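K.L.:
Following this line is final00.csv, made up of CSV, C-alpha atoms:
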chain,number,residue,atom,x,y,z
N,1,MET,CA,126.8,14.5,115.7
N,2,SER,CA,128.5,14.7,119.1
N,3,SER,CA,131.5,16.6,117.6
N,4,ARG,CA,129.3,19.0,115.7
N,5,ARG,CA,127.4,19.9,118.8
N,6,ARG,CA,130.5,20.6,120.9
N,7,THR,CA,132.0,23.1,118.4
N,8,PRO,CA,129.3,25.8,118.6
N,9,LEU,CA,129.1,25.3,122.4
N,10,ALA,CA,132.9,25.9,122.7
N,11,ALA,CA,132.6,29.0,120.5
N,12,LEU,CA,129.7,30.4,122.6
N,13,LEU,CA,131.8,29.9,125.8
N,14,VAL,CA,134.7,31.7,124.2
N,15,LEU,CA,132.4,34.5,123.0
N,16,GLY,CA,130.8,34.8,126.4
N,17,ALA,CA,134.2,35.1,128.1
N,18,LEU,CA,135.2,37.8,125.6
N,19,LEU,CA,132.0,39.8,126.2
N,20,LEU,CA,132.5,39.6,130.0
N,21,SER,CA,136.0,40.7,129.6
N,22,ALA,CA,135.0,43.6,127.4
N,23,GLY,CA,132.3,44.6,129.9
N,24,ALA,CA,134.9,44.7,132.7
N,25,CYS,CA,137.2,46.8,130.6
N,26,ARG,CA,134.4,49.3,129.9
N,27,ARG,CA,133.6,49.5,133.6
N,28,ASP,CA,137.3,50.1,134.3
N,29,GLU,CA,137.3,52.9,131.8
N,30,VAL,CA,134.6,54.9,133.6
N,31,ILE,CA,134.5,56.7,136.9
N,32,TYR,CA,131.1,57.5,138.3
N,33,ILE,CA,130.0,60.4,140.5
N,34,GLY,CA,126.5,60.6,141.9
N,35,ILE,CA,124.5,63.9,141.8
N,36,ALA,CA,121.7,64.0,144.3
N,37,GLY,CA,119.3,66.7,145.1
N,38,ALA,CA,116.1,68.5,144.2
N,39,LEU,CA,117.1,68.5,140.5
N,40,THR,CA,113.8,69.8,139.2
N,41,ASP,CA,113.4,72.5,141.8
N,42,PRO,CA,114.2,76.1,140.5
N,43,VAL,CA,117.0,76.3,143.1
N,44,GLY,CA,118.2,72.8,142.5
N,45,ARG,CA,118.1,72.6,138.7
N,46,PRO,CA,121.3,74.7,138.3
N,47,MET,CA,123.0,72.1,140.5
N,48,LYS,CA,122.4,69.5,137.8
N,49,LEU,CA,123.6,72.0,135.1
N,50,GLY,CA,126.8,72.9,136.9
N,51,ALA,CA,127.6,69.2,137.3
N,52,GLU,CA,127.0,68.4,133.7
N,53,LEU,CA,129.2,71.4,132.6
N,54,ALA,CA,132.0,70.2,134.8
N,55,MET,CA,131.7,66.6,133.4
N,56,GLN,CA,131.9,67.9,129.9
N,57,GLU,CA,135.0,69.9,130.6
N,58,ILE,CA,136.7,67.0,132.4
N,59,ASN,CA,136.0,64.5,129.7
N,60,ALA,CA,137.1,67.0,127.0
N,61,ALA,CA,140.4,67.3,128.8
N,62,GLY,CA,141.0,63.6,128.8
N,63,GLY,CA,138.9,62.4,131.7
N,64,ILE,CA,140.3,61.4,135.0
N,65,GLY,CA,143.6,59.8,134.4
N,66,GLY,CA,142.3,58.7,131.0
N,67,ARG,CA,139.1,57.3,132.3
N,68,ARG,CA,135.8,58.9,131.3
N,69,LEU,CA,133.6,60.5,134.0
N,70,GLU,CA,129.9,59.8,134.1
N,71,LEU,CA,127.3,61.2,136.4
N,72,ILE,CA,124.5,59.2,138.0
N,73,GLU,CA,121.8,61.7,138.8
N,74,ARG,CA,119.0,61.1,141.3
N,75,ASP,CA,116.2,63.6,142.2
N,76,ASP,CA,115.2,63.6,145.8
N,77,PHE,CA,112.4,66.1,145.2
N,78,ALA,CA,113.5,68.0,148.4
N,79,SER,CA,111.9,65.2,150.5
N,80,PRO,CA,113.9,63.7,153.4
N,81,ASP,CA,112.2,60.3,152.8
N,82,SER,CA,113.1,60.4,149.1
N,83,ALA,CA,116.6,61.4,150.0
N,84,VAL,CA,117.1,58.2,152.1
N,85,VAL,CA,115.9,56.1,149.1
N,86,VAL,CA,118.2,58.0,146.7
N,87,ALA,CA,121.1,57.6,149.1
N,88,ALA,CA,120.5,53.8,149.3
N,89,GLU,CA,120.4,53.6,145.5
N,90,LEU,CA,123.6,55.5,145.0
N,91,TYR,CA,125.4,53.6,147.8
N,92,ALA,CA,124.6,50.3,145.9
N,93,THR,CA,126.1,51.6,142.6
N,94,ASP,CA,129.7,52.0,141.5
N,95,VAL,CA,129.9,55.7,142.3
N,96,SER,CA,133.1,56.8,144.0
N,97,ALA,CA,131.5,59.9,145.6
N,98,VAL,CA,128.3,61.8,145.6
N,99,VAL,CA,127.7,65.6,145.3
N,100,GLY,CA,124.5,66.2,147.3
N,101,HIS,CA,122.1,66.8,148.8
N,102,LEU,CA,120.8,70.3,148.2
N,103,PHE,CA,118.9,71.2,151.4
N,104,SER,CA,119.9,70.6,155.0
N,105,GLY,CA,116.9,68.4,155.8
N,106,THR,CA,117.6,66.0,152.9
N,107,THR,CA,121.4,66.0,153.6
N,108,LEU,CA,120.8,65.1,157.2
N,109,ALA,CA,118.3,62.4,156.3
N,110,ALA,CA,120.6,60.8,153.8
N,111,ALA,CA,123.8,61.1,155.9
N,112,PRO,CA,123.3,57.8,158.0
N,113,VAL,CA,123.1,55.9,154.7
N,114,TYR,CA,126.3,57.3,153.2
N,115,ASN,CA,128.2,57.0,156.5
N,116,GLY,CA,127.0,53.5,157.3
N,117,GLY,CA,127.6,50.0,156.0
N,118,THR,CA,130.9,48.3,155.1
N,119,ASP,CA,131.8,50.7,152.2
N,120,PRO,CA,130.8,54.2,153.3
N,121,LEU,CA,130.5,56.9,150.6
N,122,VAL,CA,131.6,60.6,150.6
N,123,ALA,CA,128.7,63.0,150.0
N,124,ILE,CA,129.6,66.7,149.4
N,125,SER,CA,126.7,69.1,149.8
N,126,PRO,CA,126.9,72.3,147.8
N,127,SER,CA,124.4,74.2,149.9
N,128,SER,CA,123.3,72.5,153.1
N,129,SER,CA,124.1,75.1,155.7
N,130,ALA,CA,122.4,73.8,158.9
N,131,PRO,CA,124.9,73.6,161.9
N,132,GLU,CA,123.9,70.0,162.4
N,133,VAL,CA,125.6,69.0,159.2
N,134,SER,CA,128.9,69.4,160.9
N,135,ASN,CA,128.2,66.3,163.0
N,136,ALA,CA,126.4,64.2,160.3
N,137,GLY,CA,129.3,61.8,159.9
N,138,PRO,CA,132.9,61.5,158.7
N,139,TYR,CA,131.9,61.0,155.1
N,140,THR,CA,129.6,64.1,155.0
N,141,PHE,CA,131.3,67.3,153.6
N,142,ARG,CA,130.0,70.6,152.4
N,143,VAL,CA,131.4,73.5,150.4
N,144,CYS,CA,129.1,76.2,151.6
N,145,PRO,CA,129.3,78.4,154.8
N,146,SER,CA,127.1,77.2,157.7
N,147,ASP,CA,124.1,79.1,159.0
N,148,ASP,CA,126.4,80.2,161.8
N,149,ALA,CA,128.4,82.2,159.3
N,150,HIS,CA,125.3,83.6,157.6
N,151,GLY,CA,123.7,84.6,160.9
N,152,THR,CA,126.9,86.2,162.1
N,153,ALA,CA,127.4,88.2,158.9
N,154,LEU,CA,123.7,89.3,158.9
N,155,ALA,CA,123.9,90.5,162.5
N,156,GLN,CA,127.1,92.4,161.8
N,157,TRP,CA,125.6,94.0,158.8
N,158,VAL,CA,122.4,95.1,160.5
N,159,ARG,CA,124.1,96.4,163.6
N,160,GLU,CA,127.3,97.9,162.3
N,161,ARG,CA,126.7,98.7,158.7
N,162,LEU,CA,123.0,99.8,158.8
N,163,GLY,CA,123.2,101.0,162.4
N,164,LEU,CA,119.9,99.5,163.4
N,165,HIS,CA,119.4,98.4,167.0
N,166,ARG,CA,115.8,97.1,167.4
N,167,GLY,CA,114.1,94.5,165.3
N,168,VAL,CA,112.0,91.3,165.0
N,169,VAL,CA,113.0,87.8,163.8
N,170,LEU,CA,110.5,85.6,162.0
N,171,TYR,CA,111.9,82.1,161.4
N,172,ASN,CA,110.8,78.9,159.7
N,173,ASN,CA,110.7,76.3,162.4
N,174,ASP,CA,113.0,73.8,160.6
N,175,GLU,CA,116.7,73.0,160.6
N,176,TYR,CA,117.5,75.9,158.4
N,177,GLY,CA,115.4,78.6,160.0
N,178,ARG,CA,116.4,77.7,163.5
N,179,GLY,CA,120.1,77.7,162.5
N,180,VAL,CA,120.0,81.2,161.1
N,181,ARG,CA,117.8,82.5,163.9
N,182,SER,CA,120.0,81.1,166.6
N,183,ARG,CA,123.2,82.6,165.4
N,184,PHE,CA,121.7,86.0,164.4
N,185,VAL,CA,120.0,86.4,167.7
N,186,GLY,CA,123.1,85.6,169.7
N,187,GLU,CA,125.4,87.8,167.6
N,188,PHE,CA,123.0,90.7,167.3
N,189,THR,CA,122.3,90.9,171.1
N,190,ARG,CA,126.0,90.5,171.8
N,191,ARG,CA,126.6,93.6,169.7
N,192,GLY,CA,124.1,95.6,171.8
N,193,GLY,CA,121.0,95.0,169.6
N,194,GLU,CA,117.5,94.5,171.0
N,195,LEU,CA,114.8,92.2,169.7
N,196,ALA,CA,111.1,93.0,170.2
N,197,GLY,CA,110.2,89.4,169.3
N,198,VAL,CA,111.5,86.1,167.9
N,199,PHE,CA,108.5,84.3,166.3
N,200,PRO,CA,108.3,80.9,164.6
N,201,TYR,CA,106.1,80.0,161.6
N,202,LEU,CA,105.5,76.9,159.4
N,203,GLY,CA,104.7,76.5,155.7
N,204,SER,CA,105.7,78.2,152.5
N,205,THR,CA,103.0,80.9,152.7
N,206,PRO,CA,102.7,81.5,156.5
N,207,ASP,CA,100.1,83.7,158.1
N,208,VAL,CA,102.1,86.1,160.2
N,209,ASN,CA,99.4,88.7,160.7
N,210,ALA,CA,99.5,88.3,164.5
N,211,TYR,CA,103.2,89.0,164.5
N,212,LEU,CA,102.7,92.0,162.3
N,213,ASP,CA,100.1,93.3,164.8
N,214,HIS,CA,102.7,93.0,167.5
N,215,ILE,CA,105.2,94.9,165.3
N,216,ALA,CA,102.8,97.7,164.5
N,217,ALA,CA,101.8,98.1,168.2
N,218,ASP,CA,105.4,98.2,169.3
N,219,GLY,CA,106.2,101.3,167.2
N,220,GLY,CA,109.9,101.0,167.7
N,221,VAL,CA,110.8,98.1,165.4
N,222,GLN,CA,113.3,99.1,162.7
N,223,PHE,CA,113.6,95.9,160.7
N,224,ILE,CA,112.4,92.4,160.1
N,225,VAL,CA,114.9,89.5,159.7
N,226,LEU,CA,113.3,86.6,157.8
N,227,ALA,CA,115.1,83.3,158.6
N,228,GLY,CA,113.5,81.2,156.0
N,229,ASN,CA,113.0,80.9,152.2
N,230,ARG,CA,112.0,83.0,149.3
N,231,SER,CA,108.3,82.1,149.2
N,232,GLU,CA,107.9,82.9,152.9
N,233,ALA,CA,109.7,86.2,152.6
N,234,GLU,CA,107.4,87.2,149.7
N,235,GLU,CA,104.3,86.4,151.7
N,236,VAL,CA,105.6,88.3,154.8
N,237,ILE,CA,106.3,91.3,152.6
N,238,ARG,CA,102.9,91.2,151.0
N,239,GLN,CA,101.2,91.0,154.4
N,240,SER,CA,103.4,93.8,155.7
N,241,ARG,CA,102.7,96.1,152.8
N,242,ARG,CA,98.9,95.5,153.1
N,243,ARG,CA,99.2,96.9,156.6
N,244,GLY,CA,101.3,99.9,155.6
N,245,LEU,CA,104.5,98.5,157.2
N,246,THR,CA,107.5,99.3,155.1
N,247,LEU,CA,110.3,98.1,157.4
N,248,PRO,CA,113.5,96.8,155.8
N,249,VAL,CA,113.4,93.0,155.3
N,250,LEU,CA,116.7,91.1,155.6
N,251,GLY,CA,117.5,87.4,155.4
N,252,ALA,CA,120.1,84.7,154.6
N,253,ASP,CA,120.7,82.6,151.5
N,254,GLY,CA,117.3,81.0,151.7
N,255,LEU,CA,116.0,84.1,150.0
N,256,GLU,CA,117.8,83.2,146.8
N,257,GLY,CA,115.8,84.1,143.8
N,258,ILE,CA,113.7,86.8,145.4
N,259,GLU,CA,115.0,89.3,143.0
N,260,GLN,CA,112.7,87.7,140.4
N,261,SER,CA,109.6,88.9,142.4
N,262,GLY,CA,109.6,92.4,140.9
N,263,GLY,CA,109.0,95.5,143.0
N,264,LEU,CA,108.1,93.4,146.0
N,265,ALA,CA,111.7,92.5,146.6
N,266,GLU,CA,113.2,96.0,146.0
N,267,GLY,CA,115.7,96.8,148.8
N,268,VAL,CA,115.7,93.3,150.4
N,269,HIS,CA,119.1,92.4,151.8
N,270,PHE,CA,120.3,88.8,152.1
N,271,THR,CA,123.5,87.0,152.7
N,272,MET,CA,125.0,84.9,149.9
N,273,ALA,CA,127.8,82.4,149.6
N,274,TYR,CA,128.2,83.2,145.9
N,275,LEU,CA,127.2,85.7,143.3
N,276,PRO,CA,127.8,85.3,139.6
N,277,LEU,CA,129.1,88.9,139.4
N,278,LEU,CA,132.1,88.2,141.6
N,279,GLU,CA,135.2,89.6,139.7
N,280,THR,CA,137.6,86.7,139.9
N,281,PRO,CA,139.3,85.1,136.9
N,282,THR,CA,138.0,81.7,137.9
N,283,ASN,CA,134.4,82.9,138.3
N,284,ARG,CA,134.4,84.9,135.1
N,285,LYS,CA,135.6,81.9,133.2
N,286,PHE,CA,132.9,79.7,134.8
N,287,VAL,CA,130.1,82.2,134.2
N,288,ALA,CA,131.1,82.6,130.5
N,289,ALA,CA,131.1,78.8,130.0
N,290,TYR,CA,127.8,78.4,131.9
N,291,ARG,CA,126.1,81.0,129.7
N,292,ALA,CA,127.5,79.5,126.5
N,293,ARG,CA,126.3,76.1,127.4
N,294,TYR,CA,122.9,77.2,128.8
N,295,PRO,CA,122.0,80.4,127.0
N,296,ASN,CA,118.3,80.2,128.0
N,297,GLU,CA,119.0,79.7,131.7
N,298,LEU,CA,119.3,82.2,134.5
N,299,PRO,CA,122.8,83.1,135.7
N,300,PRO,CA,124.4,80.3,137.9
N,301,ASN,CA,123.5,80.3,141.6
N,302,GLN,CA,125.4,78.9,144.6
N,303,PRO,CA,124.3,75.3,144.0
N,304,ALA,CA,125.4,75.5,140.4
N,305,ALA,CA,128.8,77.0,141.2
N,306,ALA,CA,129.5,74.8,144.2
N,307,THR,CA,128.5,71.6,142.4
N,308,TYR,CA,130.7,72.6,139.5
N,309,ASP,CA,133.6,73.1,142.0
N,310,ALA,CA,132.8,69.8,143.8
N,311,VAL,CA,132.9,67.7,140.6
N,312,HIS,CA,136.2,69.3,139.5
N,313,MET,CA,137.6,68.9,142.9
N,314,LEU,CA,136.7,65.2,143.1
N,315,SER,CA,138.2,64.6,139.6
N,316,GLY,CA,141.4,66.2,140.8
N,317,VAL,CA,141.4,64.1,143.9
N,318,MET,CA,140.8,60.9,142.0
N,319,ARG,CA,143.6,61.6,139.5
N,320,THR,CA,146.1,61.3,142.3
N,321,ALA,CA,144.4,59.1,144.9
N,322,GLY,CA,142.3,56.8,142.7
N,323,SER,CA,138.5,56.2,142.8
N,324,ASP,CA,138.3,54.0,145.9
N,325,ARG,CA,135.8,55.5,148.3
N,326,GLU,CA,138.0,55.5,151.3
N,327,ALA,CA,140.9,57.0,149.3
N,328,VAL,CA,138.6,59.7,148.1
N,329,ARG,CA,137.7,60.7,151.7
N,330,GLU,CA,141.3,60.7,152.9
N,331,ALA,CA,142.4,62.8,149.9
N,332,LEU,CA,139.5,65.4,150.5
N,333,LEU,CA,140.7,65.8,154.1
N,334,ARG,CA,144.1,66.9,152.7
N,335,ILE,CA,142.4,69.9,151.1
N,336,ASP,CA,142.8,72.1,154.1
N,337,ALA,CA,144.1,75.5,155.2
N,338,GLU,CA,147.7,74.4,154.1
N,339,ALA,CA,146.6,73.1,150.7
N,340,PRO,CA,143.2,74.6,149.7
N,341,TYR,CA,141.3,74.3,146.5
N,342,GLU,CA,140.7,77.5,144.7
N,343,GLY,CA,137.3,77.2,143.1
N,344,VAL,CA,134.6,79.3,141.5
N,345,VAL,CA,133.0,80.0,144.9
N,346,GLY,CA,136.3,81.0,146.5
N,347,THR,CA,138.8,79.2,148.6
N,348,ILE,CA,137.7,75.7,149.8
N,349,ALA,CA,139.6,74.3,152.8
N,350,PHE,CA,138.1,71.5,154.9
N,351,ASP,CA,138.4,71.1,158.6
N,352,SER,CA,138.3,67.8,160.4
N,353,LEU,CA,134.5,67.8,160.3
N,354,GLY,CA,134.3,68.3,156.5
N,355,ASP,CA,133.2,72.0,156.9
N,356,VAL,CA,134.7,75.0,155.2
N,357,PRO,CA,134.9,77.5,158.1
N,358,THR,CA,136.9,80.1,156.2
N,359,ARG,CA,134.4,80.5,153.3
N,360,GLN,CA,133.4,84.1,152.8
N,361,VAL,CA,129.8,85.3,153.1
N,362,TYR,CA,128.6,88.3,151.0
N,363,MET,CA,125.7,90.7,151.5
N,364,GLY,CA,123.5,91.2,148.5
N,365,VAL,CA,120.7,93.7,147.9
N,366,VAL,CA,118.0,93.7,145.3
N,367,ARG,CA,118.0,96.8,143.1
N,368,ASN,CA,115.8,97.1,140.0
N,369,GLY,CA,115.2,93.4,139.8
N,370,ALA,CA,118.9,92.3,140.1
N,371,ILE,CA,121.2,91.4,142.9
N,372,ARG,CA,124.0,93.8,143.7
N,373,LEU,CA,126.8,93.6,146.2
N,374,ALA,CA,125.7,95.8,149.1
N,375,GLY,CA,127.8,98.6,150.5
N,376,GLY,CA,130.7,98.4,148.1
N,377,GLN,CA,132.0,95.0,149.2
Since I need it in another form, could you write the structure as structure tokens?

P.N.:
Amino acid sequence: MSSRRRTPLAALLVLGALLLSAGACRRDEVIYIGIAGALTDPVGRPMKLGAELAMQEINAAGGIGGRRLELIERDDFASPDSAVVVAAELYATDVSAVVGHLFSGTTLAAAPVYNGGTDPLVAISPSSSAPEVSNAGPYTFRVCPSDDAHGTALAQWVRERLGLHRGVVLYNNDEYGRGVRSRFVGEFTRRGGELAGVFPYLGSTPDVNAYLDHIAADGGVQFIVLAGNRSEAEEVIRQSRRRGLTLPVLGADGLEGIEQSGGLAEGVHFTMAYLPLLETPTNRKFVAAYRARYPNELPPNQPAAATYDAVHMLSGVMRTAGSDREAVREALLRIDAEAPYEGVVGTIAFDSLGDVPTRQVYMGVVRNGAIRLAGGQ
């Protein structure tokens, strides 16, 4: 009896060892990248789609040094509190890097988690443009221009290209709105422009009637800059039209998607870091692949294109440097002005802060429900 009882036990121990060994091999055959952002938001969903397209292409081409790429996706619902939870979850996994978060507020909230602890983790934001992101930590990167770049380009366009000299700024009193406002005001006044008012608001459907009263009474205001988001711009335009004000409305990349608002958005100008109609071979190939995979989706936006670039860029980095978190960071810092990455969104070259100061900003204008490049850029 004793001998018969030892035999199955020995077999079980051997089998267990084999299963553990097989599990380790499977883990060794996979590289994980985290995707974090407002993945169910209309602006953020394309981020998820761009990541999944990149993953499919990478795995179809043999993976990363023969290892399969898998994404671990987490939705932060555009909430800073949720972003902290998501960051902690991803930090505790086997991910080698994270692409995220989508908005400046969530990126800044999550940054202390990624930059802390004994095994810090690179997080590359596709679209967090607040100036504060520059100093969020050595493991925080982004592949989009900052609000400084958007505000500067917007001021240059208003003053030099449109020839307007007197306006009003309405800004959402958050990280994003204050960033665009600050740079626009500084650059516009430096170029000889004059502002009849710089007014804050809160909420996605702000009541700006008091500000519109001020504009109407002034009589000399030529334009409104809206340093905020699409829903806020739509509400400001509605309130303006009800008062008979038809001043040009301009903004930065927070107005993305406003072209879907019909006649309300006609003629609205806003800065953009990416447009799907850019005529470069890399972008044409990406847009064709995106449309083929997602035929029922809208054309890709900045988060989609930048996330796609970030996943491909990380896969290239890990082919040469490996998937160790610190090695990934060191390799990313070598993607600089001397050795840039040519992506869908353009040339990506990091500085010592993980910013891309040379990224181009475009001016778009809504015509007949679609975005066009303004002024023959």

K.L.:
Find the residue from N:Glu160, N:Asp147, N:Glu194, N:Glu342 that sits nearest to Arg178 (chain N); use only C-alpha atoms when measuring.

P.N.:
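Residue with the minimum atom-to-atom distance to Arg178 (chain N): N:Asp147.
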
K.L.:
Using all atoms listed in the file, pick whichever of N:Tyr32, N:Tyr171, N:Tyr201, N:Tyr139 has the shortest atom-to-atom distance to Ile224 (chain N).

P.N.:
N:Tyr171

K.L.:
Give me, please, the distance in Å between CA of Ser82 (chain N) and CA of Asp309 (chain N), quoted to one decimal.

P.N.:
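Going from CA of Ser82 (chain N) over to CA of Asp309 (chain N), I get 25.1 Å.
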
K.L.:
Pick out the closest residue to Arg319 (chain N) from this set: N:Gly364, N:Pro138, N:Pro295, N:Gly63. Count all atoms listed in the file.

P.N.:
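Closest to Arg319 (chain N), using all atoms listed in the file: N:Gly63.
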
K.L.:
In terms of the shortest atom-to-atom distance over all atoms listed in the file, which of N:Leu71, N:Ala349, N:Ala306, N:Leu314 is closest to Phe286 (chain N)?

P.N.:
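That would be N:Ala306, the residue with the smallest distance to Phe286 (chain N).
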